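Source file: run32.csv (CSV, C-alpha atoms)
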chain,number,residue,atom,x,y,z
W,464,MET,CA,-36.9,-10.1,5.2
W,465,THR,CA,-36.5,-7.3,2.7
W,466,LYS,CA,-36.0,-7.9,-1.0
W,467,ILE,CA,-32.5,-8.1,-2.4
W,468,ALA,CA,-31.6,-5.9,-5.4
W,469,PHE,CA,-31.2,-7.6,-8.7
W,470,ARG,CA,-32.7,-10.9,-7.6
W,471,ALA,CA,-30.3,-12.8,-9.7
W,472,GLY,CA,-30.2,-16.4,-8.5
W,473,ILE,CA,-32.3,-15.4,-5.6
W,474,ALA,CA,-34.7,-18.1,-4.5
W,475,ALA,CA,-37.3,-17.7,-1.8
W,476,LEU,CA,-37.5,-20.2,1.0
W,477,ALA,CA,-41.2,-21.1,0.9
W,478,THR,CA,-43.2,-20.0,4.0
W,479,ALA,CA,-40.3,-18.2,5.6
W,480,THR,CA,-39.9,-16.0,2.4
W,481,MET,CA,-36.1,-16.0,2.9
W,482,LEU,CA,-34.1,-14.8,-0.1
W,483,LEU,CA,-30.7,-16.0,-1.2
W,484,THR,CA,-28.6,-12.9,-1.6
W,485,GLY,CA,-26.2,-14.0,-4.3
W,486,CYS,CA,-23.0,-15.8,-4.3
W,487,SER,CA,-19.3,-15.4,-4.7
W,488,SER,CA,-16.8,-18.0,-6.0
W,489,SER,CA,-13.4,-18.5,-4.4
W,490,ASP,CA,-11.8,-19.2,-7.7
W,491,SER,CA,-13.1,-16.0,-9.3
W,492,ALA,CA,-11.4,-12.6,-9.0
W,493,GLU,CA,-13.3,-9.9,-7.1
W,494,PRO,CA,-14.4,-6.8,-9.0
W,495,LYS,CA,-12.0,-3.9,-9.0
W,496,PRO,CA,-14.2,-0.8,-8.9
W,497,GLY,CA,-11.3,1.5,-9.8
W,498,ALA,CA,-10.0,-0.5,-12.8
W,499,THR,CA,-11.0,1.0,-16.1
W,500,ALA,CA,-11.3,-1.6,-18.9
W,501,GLN,CA,-9.7,-1.3,-22.3
W,502,ALA,CA,-12.1,-3.4,-24.3
W,503,PRO,CA,-10.8,-4.5,-27.7
W,504,ALA,CA,-14.2,-5.0,-29.2
W,505,ASP,CA,-16.8,-2.9,-27.5
W,506,ASN,CA,-20.4,-4.1,-27.8
W,507,GLY,CA,-21.8,-0.6,-27.3
W,508,VAL,CA,-23.8,-1.2,-24.1
W,509,ALA,CA,-21.6,1.1,-22.0
W,510,ALA,CA,-22.9,4.1,-24.0
W,511,LEU,CA,-26.6,3.2,-23.2
W,512,THR,CA,-28.7,4.3,-20.3
W,513,ALA,CA,-28.9,2.0,-17.2
W,514,ASP,CA,-32.3,0.8,-18.1
W,515,GLU,CA,-31.3,0.1,-21.7
W,516,ILE,CA,-28.2,-1.9,-20.5
W,517,LEU,CA,-30.4,-4.0,-18.2
W,518,ALA,CA,-32.8,-4.7,-21.1
W,519,LYS,CA,-29.9,-5.7,-23.3
W,520,ALA,CA,-28.6,-8.1,-20.5
W,521,LYS,CA,-32.0,-9.7,-20.2
W,522,GLU,CA,-32.3,-10.1,-24.0
W,523,ALA,CA,-28.8,-11.6,-24.2
W,524,LEU,CA,-29.5,-14.1,-21.4
W,525,THR,CA,-32.8,-15.1,-23.0
W,526,LYS,CA,-31.2,-15.5,-26.4
W,527,ALA,CA,-28.4,-17.6,-25.0
W,528,GLY,CA,-31.1,-20.1,-23.9
W,529,SER,CA,-29.0,-21.6,-21.1
W,530,PHE,CA,-26.5,-20.6,-18.4
W,531,HIS,CA,-25.0,-21.7,-15.1
W,532,MET,CA,-25.1,-19.7,-11.9
W,533,ALA,CA,-23.4,-20.7,-8.7
W,534,GLY,CA,-21.9,-19.5,-5.4
W,535,SER,CA,-22.9,-18.6,-1.8
W,536,GLY,CA,-24.3,-15.7,0.2
W,537,THR,CA,-25.3,-14.7,3.7
W,538,SER,CA,-28.7,-13.6,4.9
W,539,GLU,CA,-29.6,-12.9,8.5
W,540,GLY,CA,-26.5,-14.8,9.7
W,541,THR,CA,-27.3,-17.9,7.6
W,542,THR,CA,-24.9,-18.9,4.9
W,543,MET,CA,-26.7,-20.2,1.8
W,544,THR,CA,-25.2,-21.8,-1.2
W,545,MET,CA,-26.7,-22.5,-4.6
W,546,ASP,CA,-25.7,-24.1,-7.9
W,547,PHE,CA,-28.2,-23.9,-10.8
W,548,LYS,CA,-28.2,-24.9,-14.5
W,549,ILE,CA,-30.9,-23.2,-16.5
W,550,SER,CA,-32.0,-24.2,-20.0
W,551,GLY,CA,-35.0,-22.3,-21.2
W,552,LYS,CA,-37.7,-22.8,-18.6
W,553,ASP,CA,-36.0,-26.0,-17.3
W,554,LEU,CA,-33.8,-25.9,-14.3
W,555,SER,CA,-31.7,-28.3,-12.3
W,556,GLY,CA,-29.8,-27.5,-9.1
W,557,LYS,CA,-29.3,-27.5,-5.4
W,558,MET,CA,-29.7,-25.0,-2.6
W,559,SER,CA,-28.4,-25.2,1.0
W,560,MET,CA,-29.6,-23.0,3.8
W,561,GLY,CA,-27.1,-24.3,6.3
W,562,GLU,CA,-27.5,-26.7,9.2
W,563,GLY,CA,-28.3,-29.6,6.9
W,564,ALA,CA,-31.2,-27.7,5.2
W,565,ASP,CA,-30.6,-28.8,1.6
W,566,VAL,CA,-32.9,-29.1,-1.3
W,567,ASP,CA,-32.5,-30.4,-4.8
W,568,ILE,CA,-34.8,-28.7,-7.3
W,569,LEU,CA,-35.8,-29.6,-10.8
W,570,ALA,CA,-38.1,-27.9,-13.3
W,571,VAL,CA,-38.6,-29.7,-16.6
W,572,GLY,CA,-41.4,-30.0,-19.1
W,573,GLY,CA,-43.6,-27.5,-17.2
W,574,LYS,CA,-43.4,-29.5,-14.0
W,575,GLN,CA,-41.7,-28.7,-10.8
W,576,TYR,CA,-40.0,-31.1,-8.4
W,577,MET,CA,-38.0,-30.8,-5.2
W,578,LYS,CA,-36.1,-33.3,-3.0
W,579,PRO,CA,-35.7,-31.8,0.5
W,580,SER,CA,-33.4,-33.0,3.2
W,581,GLU,CA,-34.9,-33.5,6.7
W,582,GLY,CA,-33.3,-30.2,7.7
W,583,PHE,CA,-35.1,-28.4,4.9
W,584,TRP,CA,-38.4,-30.0,5.9
W,585,ALA,CA,-37.8,-28.7,9.4
W,586,MET,CA,-37.5,-25.2,7.9
W,587,LEU,CA,-40.8,-25.7,6.0
W,588,ALA,CA,-42.9,-27.6,8.5
W,589,GLY,CA,-41.1,-27.4,11.8
W,590,PRO,CA,-38.9,-30.1,13.5
W,591,GLU,CA,-41.9,-32.2,14.7
W,592,GLN,CA,-43.1,-32.8,11.2
W,593,ALA,CA,-39.6,-33.0,9.6
W,594,LYS,CA,-39.0,-36.7,10.4
W,595,THR,CA,-42.5,-37.7,9.3
W,596,MET,CA,-42.1,-35.8,6.0
W,597,ALA,CA,-38.6,-37.2,5.4
W,598,ALA,CA,-39.8,-40.7,6.0
W,599,ALA,CA,-42.9,-40.2,3.8
W,600,THR,CA,-40.8,-39.0,0.8
W,601,ALA,CA,-37.9,-41.5,1.4
W,602,GLY,CA,-35.5,-39.6,-0.8
W,603,LYS,CA,-37.9,-39.3,-3.7
W,604,TRP,CA,-38.8,-36.2,-5.7
W,605,VAL,CA,-41.9,-34.3,-4.6
W,606,LEU,CA,-44.1,-32.9,-7.4
W,607,VAL,CA,-44.8,-29.3,-6.6
W,608,PRO,CA,-48.0,-27.6,-7.8
W,609,ALA,CA,-47.4,-24.5,-9.9
W,610,LYS,CA,-49.2,-22.2,-7.4
W,611,ASP,CA,-47.6,-23.7,-4.3
W,612,THR,CA,-45.7,-21.3,-1.9
W,613,THR,CA,-42.5,-23.2,-2.7
W,614,SER,CA,-42.8,-22.3,-6.4
W,615,SER,CA,-40.6,-19.3,-5.8
W,616,LEU,CA,-37.7,-21.7,-5.5
W,617,PHE,CA,-37.9,-22.1,-9.2
W,618,ALA,CA,-37.8,-18.4,-10.1
W,619,ALA,CA,-34.2,-18.6,-11.4
W,620,ALA,CA,-35.5,-19.9,-14.7
W,621,ASP,CA,-37.4,-16.7,-15.3
W,622,VAL,CA,-35.0,-14.1,-16.7
W,623,ASP,CA,-37.3,-11.2,-16.1
W,624,GLU,CA,-37.7,-12.1,-12.4
W,625,LEU,CA,-34.0,-13.0,-12.1
W,626,LEU,CA,-32.8,-9.6,-13.2
W,627,LYS,CA,-35.6,-7.5,-11.7
W,628,PRO,CA,-34.4,-4.5,-9.7
W,629,THR,CA,-36.1,-3.3,-6.5
W,630,GLY,CA,-35.5,0.3,-7.2
W,631,LYS,CA,-34.1,2.7,-9.8
W,632,VAL,CA,-31.1,1.4,-11.9
W,633,ALA,CA,-28.0,3.6,-12.3
W,634,LYS,CA,-24.9,3.2,-14.4
W,635,GLY,CA,-21.5,3.1,-12.8
W,636,GLU,CA,-17.9,2.4,-13.8
W,637,ILE,CA,-16.4,-0.1,-16.2
W,638,VAL,CA,-14.5,-2.6,-14.2
W,639,GLN,CA,-12.7,-5.9,-14.7
W,640,ILE,CA,-14.7,-9.1,-13.8
W,641,ASP,CA,-12.5,-12.2,-14.1
W,642,GLY,CA,-10.4,-10.5,-16.8
W,643,LYS,CA,-13.4,-9.2,-18.7
W,644,PRO,CA,-14.6,-5.6,-19.0
W,645,ALA,CA,-18.0,-5.0,-17.6
W,646,ILE,CA,-20.3,-2.0,-16.9
W,647,THR,CA,-21.6,-1.6,-13.4
W,648,LEU,CA,-25.3,-1.2,-12.6
W,649,THR,CA,-26.5,-0.3,-9.2
W,650,ASP,CA,-30.0,-0.5,-7.7
W,651,SER,CA,-31.4,2.2,-5.5
W,652,GLY,CA,-33.3,-0.6,-3.7
W,653,ASP,CA,-30.0,-1.8,-2.3
W,654,ALA,CA,-27.0,0.6,-2.5
W,655,GLU,CA,-24.6,-2.3,-1.8
W,656,ALA,CA,-25.7,-4.5,-4.6
W,657,SER,CA,-24.2,-4.2,-8.1
W,658,LEU,CA,-24.8,-6.1,-11.4
W,659,PHE,CA,-21.9,-6.4,-13.9
W,660,VAL,CA,-22.7,-6.6,-17.6
W,661,ALA,CA,-20.1,-7.5,-20.2
W,662,THR,CA,-19.1,-4.7,-22.5
W,663,THR,CA,-17.4,-6.9,-25.1
W,664,GLY,CA,-19.1,-9.8,-27.0
W,665,GLU,CA,-22.6,-10.5,-25.9
W,666,PRO,CA,-23.8,-8.3,-23.0
W,667,TYR,CA,-24.1,-11.1,-20.6
W,668,VAL,CA,-24.5,-10.6,-16.9
W,669,LEU,CA,-21.1,-11.8,-15.5
W,670,ARG,CA,-21.8,-11.3,-11.8
W,671,ASN,CA,-24.1,-9.9,-9.2
W,672,ALA,CA,-22.2,-8.8,-6.1
W,673,LYS,CA,-22.8,-7.4,-2.7
W,674,ALA,CA,-20.0,-5.0,-1.8
W,675,ALA,CA,-20.5,-5.0,2.0
W,676,THR,CA,-20.2,-8.8,2.3
W,677,GLY,CA,-18.4,-9.9,-0.8
W,678,ASP,CA,-21.4,-12.0,-1.7
W,679,GLY,CA,-22.3,-12.3,-5.4
W,680,ILE,CA,-23.5,-14.7,-8.1
W,681,VAL,CA,-21.2,-15.9,-10.9
W,682,PHE,CA,-22.8,-16.5,-14.3
W,683,SER,CA,-21.2,-18.7,-16.9
W,684,GLU,CA,-21.6,-21.4,-19.6
W,685,PHE,CA,-23.9,-19.3,-21.7
W,686,GLY,CA,-25.6,-21.3,-24.4
W,687,SER,CA,-24.3,-24.6,-23.1
W,688,LYS,CA,-26.2,-27.8,-23.5
W,689,PHE,CA,-27.4,-29.2,-20.2
W,690,ASP,CA,-29.0,-32.6,-19.7
W,691,ILE,CA,-32.1,-31.8,-17.6
W,692,ALA,CA,-34.4,-34.7,-17.5
W,693,ALA,CA,-37.6,-35.6,-15.6
W,694,PRO,CA,-37.3,-38.2,-12.8
W,695,ALA,CA,-38.7,-41.7,-13.3
W,696,ALA,CA,-42.3,-41.9,-12.4
W,697,ASP,CA,-41.6,-44.3,-9.5
W,698,GLN,CA,-39.3,-41.7,-8.0
W,699,VAL,CA,-42.0,-39.0,-7.8
W,700,ILE,CA,-44.5,-38.4,-5.0
W,701,ASP,CA,-47.3,-35.9,-5.6
W,702,GLN,CA,-47.3,-33.2,-2.9
W,703,ALA,CA,-51.0,-33.7,-2.5
W,704,ALA,CA,-50.3,-37.2,-1.2
W,705,LEU,CA,-48.3,-35.7,1.7
W,706,GLY,CA,-51.3,-33.8,2.9
W,707,LYS,CA,-49.9,-30.4,2.1

Exercise: express the given structure as structure tokens:
Amino acid sequence: MTKIAFRAGIAALATATMLLTGCSSSDSAEPKPGATAQAPADNGVAALTADEILAKAKEALTKAGSFHMAGSGTSEGTTMTMDFKISGKDLSGKMSMGEGADVDILAVGGKQYMKPSEGFWAMLAGPEQAKTMAAATAGKWVLVPAKDTTSSLFAAADVDELLKPTGKVAKGEIVQIDGKPAITLTDSGDAEASLFVATTGEPYVLRNAKAATGDGIVFSEFGSKFDIAAPAADQVIDQAALGK
């Protein structure tokens, strides 16, 4: 599967290297490409080059320290949903790949954990192994080694990786995103994908959208305090104990 431009919120599905294409929220207004914003307090990013705007967006997201990203997307006919809360390098959230393939993920204190459903195990290890793995974990968290193939599931906590384009970045129009003016950035690696950066206040990324499908990721709760805690020791199984 090819890369998706602006891999915001994009998590790879382990051995299958599937990518979540972004998400759109039903309670959020869709971008209006033809609507020119009249921003009362311009933050100056619209006057910068595309690369400079992207750099400012990364800087703002890093400075915020925490944010929420959520929604759904479609890839190769599979609908995938995600909901992540990120605080520094810590992350807590859930992904669903459809057909009961769900996984809770948690990164805290430099350690990575996942809690896969049987359907998710089936995607990772095949249906024959899924029941065995589900029984072995018994609903507990699996401690994931830092260099494991499933580590890409935790990439949302890396701002540089999160907002990394696959091609050349270009600047587009100022549009309205949920009532806020934002400058459009496009990626030559995927002509249908756009990133929208606020032109008032902090230059936060407000959304990543896929024009052809309506998919996109909504970003919110910048700088919020999230309670992301490590699971109790008796609720954790080392992945090595599963023979992986």

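Each of W:Leu705, W:Ile700, W:Ala656, W:Ala618 was checked against Gln592 of chain W using all atoms listed in the file; the smallest atom-to-atom distance is that of W:Leu705.
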
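Atom CA of Glu515 of chain W is found 19.0 Å from atom CA of Asp621 of chain W.
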
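Using only C-alpha atoms, the shortest contact distance between Val660 of chain W and any of W:Ile637, W:Ala695, W:Ile568, W:Leu587 is found at W:Ile637.
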
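Each of W:Gly652, W:Gly556, W:Gly573, W:Gly561 was checked against Ala609 of chain W using all atoms listed in the file; the smallest atom-to-atom distance is that of W:Gly573.
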
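Interatomic distance, atom CA of Ala509 of chain W against atom CA of Thr663 of chain W: 9.6 Å.
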
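Of the listed residues (W:Ala593, W:Lys578, W:Thr649, W:Val622), W:Thr649 comes nearest to Gly635 of chain W; the distances count all atoms listed in the file.
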
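What separates atom CA of Ala527 of chain W from atom CA of Glu684 of chain W is a distance of 9.5 Å.
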
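Ranking W:Asp623, W:Asp701, W:Asp641, W:Asp653 by their shortest atom-to-atom distance to Ala523 of chain W, with all atoms listed in the file included, puts W:Asp623 first.
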
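Compared by their closest atoms to Gly664 of chain W, and using all atoms listed in the file, the residues W:Val632, W:Ile516, W:Ala504, W:Ala588 rank with W:Ala504 nearest.
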
If we draw a sphere of 12 Å around (-32.7, -18.2, -11.8), which residues have at least one atom in it when counting all atoms listed in the file? Please report them as a short mmCIF file (atom, residue, chain, number, x, y, z; two decimals) with C-alpha atoms, in the coordinates of the input.
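Now in result-v3.cif:
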data_model
loop_
_atom_site.label_atom_id
_atom_site.label_comp_id
_atom_site.auth_asym_id
_atom_site.auth_seq_id
_atom_site.Cartn_x
_atom_site.Cartn_y
_atom_site.Cartn_z
CA PHE W 469 -31.20 -7.60 -8.70
CA ARG W 470 -32.70 -10.90 -7.60
CA ALA W 471 -30.30 -12.80 -9.70
CA GLY W 472 -30.20 -16.40 -8.50
CA ILE W 473 -32.30 -15.40 -5.60
CA ALA W 474 -34.70 -18.10 -4.50
CA ALA W 475 -37.30 -17.70 -1.80
CA LEU W 483 -30.70 -16.00 -1.20
CA GLY W 485 -26.20 -14.00 -4.30
CA LYS W 521 -32.00 -9.70 -20.20
CA LEU W 524 -29.50 -14.10 -21.40
CA THR W 525 -32.80 -15.10 -23.00
CA SER W 529 -29.00 -21.60 -21.10
CA PHE W 530 -26.50 -20.60 -18.40
CA HIS W 531 -25.00 -21.70 -15.10
CA MET W 532 -25.10 -19.70 -11.90
CA ALA W 533 -23.40 -20.70 -8.70
CA MET W 545 -26.70 -22.50 -4.60
CA ASP W 546 -25.70 -24.10 -7.90
CA PHE W 547 -28.20 -23.90 -10.80
CA LYS W 548 -28.20 -24.90 -14.50
CA ILE W 549 -30.90 -23.20 -16.50
CA SER W 550 -32.00 -24.20 -20.00
CA GLY W 551 -35.00 -22.30 -21.20
CA LYS W 552 -37.70 -22.80 -18.60
CA ASP W 553 -36.00 -26.00 -17.30
CA LEU W 554 -33.80 -25.90 -14.30
CA SER W 555 -31.70 -28.30 -12.30
CA GLY W 556 -29.80 -27.50 -9.10
CA LYS W 557 -29.30 -27.50 -5.40
CA MET W 558 -29.70 -25.00 -2.60
CA ILE W 568 -34.80 -28.70 -7.30
CA LEU W 569 -35.80 -29.60 -10.80
CA ALA W 570 -38.10 -27.90 -13.30
CA SER W 615 -40.60 -19.30 -5.80
CA LEU W 616 -37.70 -21.70 -5.50
CA PHE W 617 -37.90 -22.10 -9.20
CA ALA W 618 -37.80 -18.40 -10.10
CA ALA W 619 -34.20 -18.60 -11.40
CA ALA W 620 -35.50 -19.90 -14.70
CA ASP W 621 -37.40 -16.70 -15.30
CA VAL W 622 -35.00 -14.10 -16.70
CA ASP W 623 -37.30 -11.20 -16.10
CA GLU W 624 -37.70 -12.10 -12.40
CA LEU W 625 -34.00 -13.00 -12.10
CA LEU W 626 -32.80 -9.60 -13.20
CA LYS W 627 -35.60 -7.50 -11.70
CA ILE W 680 -23.50 -14.70 -8.10
CA VAL W 681 -21.20 -15.90 -10.90
CA PHE W 682 -22.80 -16.50 -14.30
#

Radius query 12 Å about (-42.5, -43.9, -7.1), atoms used: only C-alpha atoms, as JSON, numbers by chain: {"W": [599, 600, 601, 602, 603, 604, 605, 606, 694, 695, 696, 697, 698, 699, 700, 701, 704]}

Missing atoms of segment 694-705 of chain W rebuilt to all heavy atoms, written as a compact mmCIF listing (two decimals), in the coordinates of the input:
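File result_8.txt, as written:
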# COMPACT_ATOMS: atom_id res chain seq x y z
N PRO W 694 -37.54 -36.94 -13.59
CA PRO W 694 -37.30 -38.20 -12.80
C PRO W 694 -38.20 -39.29 -13.28
O PRO W 694 -39.28 -39.04 -13.83
CB PRO W 694 -37.51 -37.76 -11.40
CG PRO W 694 -38.47 -36.62 -11.49
CD PRO W 694 -38.11 -35.89 -12.75
N ALA W 695 -37.80 -40.52 -13.03
CA ALA W 695 -38.70 -41.70 -13.30
C ALA W 695 -39.94 -41.58 -12.50
O ALA W 695 -39.92 -41.08 -11.37
CB ALA W 695 -37.92 -42.96 -13.03
N ALA W 696 -41.02 -42.05 -13.05
CA ALA W 696 -42.30 -41.90 -12.40
C ALA W 696 -42.34 -42.57 -11.00
O ALA W 696 -42.98 -42.06 -10.08
CB ALA W 696 -43.40 -42.60 -13.26
N ASP W 697 -41.59 -43.68 -10.83
CA ASP W 697 -41.60 -44.30 -9.50
C ASP W 697 -40.71 -43.63 -8.51
O ASP W 697 -40.59 -44.07 -7.36
CB ASP W 697 -41.17 -45.81 -9.66
CG ASP W 697 -39.76 -45.98 -10.19
OD1 ASP W 697 -39.10 -44.96 -10.51
OD2 ASP W 697 -39.30 -47.13 -10.28
N GLN W 698 -40.09 -42.52 -8.92
CA GLN W 698 -39.30 -41.70 -8.00
C GLN W 698 -39.91 -40.40 -7.68
O GLN W 698 -39.27 -39.49 -7.15
CB GLN W 698 -37.89 -41.49 -8.64
CG GLN W 698 -37.05 -42.74 -8.80
CD GLN W 698 -36.79 -43.42 -7.47
OE1 GLN W 698 -36.31 -42.78 -6.53
NE2 GLN W 698 -37.11 -44.71 -7.38
N VAL W 699 -41.22 -40.29 -7.98
CA VAL W 699 -42.00 -39.00 -7.80
C VAL W 699 -43.15 -39.28 -6.84
O VAL W 699 -43.89 -40.25 -6.99
CB VAL W 699 -42.44 -38.45 -9.10
CG1 VAL W 699 -43.27 -37.19 -8.84
CG2 VAL W 699 -41.27 -38.14 -10.00
N ILE W 700 -43.33 -38.37 -5.89
CA ILE W 700 -44.50 -38.40 -5.00
C ILE W 700 -45.23 -37.07 -5.20
O ILE W 700 -44.63 -36.00 -5.15
CB ILE W 700 -44.07 -38.53 -3.52
CG1 ILE W 700 -43.38 -39.86 -3.29
CG2 ILE W 700 -45.27 -38.37 -2.61
CD1 ILE W 700 -42.85 -40.02 -1.88
N ASP W 701 -46.53 -37.14 -5.43
CA ASP W 701 -47.30 -35.90 -5.60
C ASP W 701 -47.43 -35.25 -4.23
O ASP W 701 -47.73 -35.91 -3.22
CB ASP W 701 -48.72 -36.27 -6.11
CG ASP W 701 -49.46 -35.04 -6.61
OD1 ASP W 701 -49.45 -34.00 -5.91
OD2 ASP W 701 -50.02 -35.12 -7.72
N GLN W 702 -47.20 -33.94 -4.19
CA GLN W 702 -47.30 -33.20 -2.90
C GLN W 702 -48.62 -33.37 -2.25
O GLN W 702 -48.71 -33.39 -1.02
CB GLN W 702 -46.96 -31.74 -3.15
CG GLN W 702 -46.70 -30.97 -1.87
CD GLN W 702 -46.37 -29.53 -2.12
OE1 GLN W 702 -47.27 -28.71 -2.31
NE2 GLN W 702 -45.11 -29.18 -2.15
N ALA W 703 -49.67 -33.50 -3.04
CA ALA W 703 -51.00 -33.70 -2.50
C ALA W 703 -51.12 -34.91 -1.61
O ALA W 703 -51.87 -34.95 -0.64
CB ALA W 703 -52.06 -33.72 -3.60
N ALA W 704 -50.31 -35.92 -1.95
CA ALA W 704 -50.30 -37.20 -1.20
C ALA W 704 -49.71 -37.01 0.19
O ALA W 704 -49.89 -37.86 1.07
CB ALA W 704 -49.61 -38.27 -1.96
N LEU W 705 -48.99 -35.92 0.38
CA LEU W 705 -48.30 -35.70 1.70
C LEU W 705 -49.22 -34.86 2.61
O LEU W 705 -48.82 -34.54 3.72
CB LEU W 705 -47.00 -34.93 1.46
CG LEU W 705 -45.97 -35.67 0.60
CD1 LEU W 705 -44.76 -34.77 0.39
CD2 LEU W 705 -45.56 -36.98 1.25
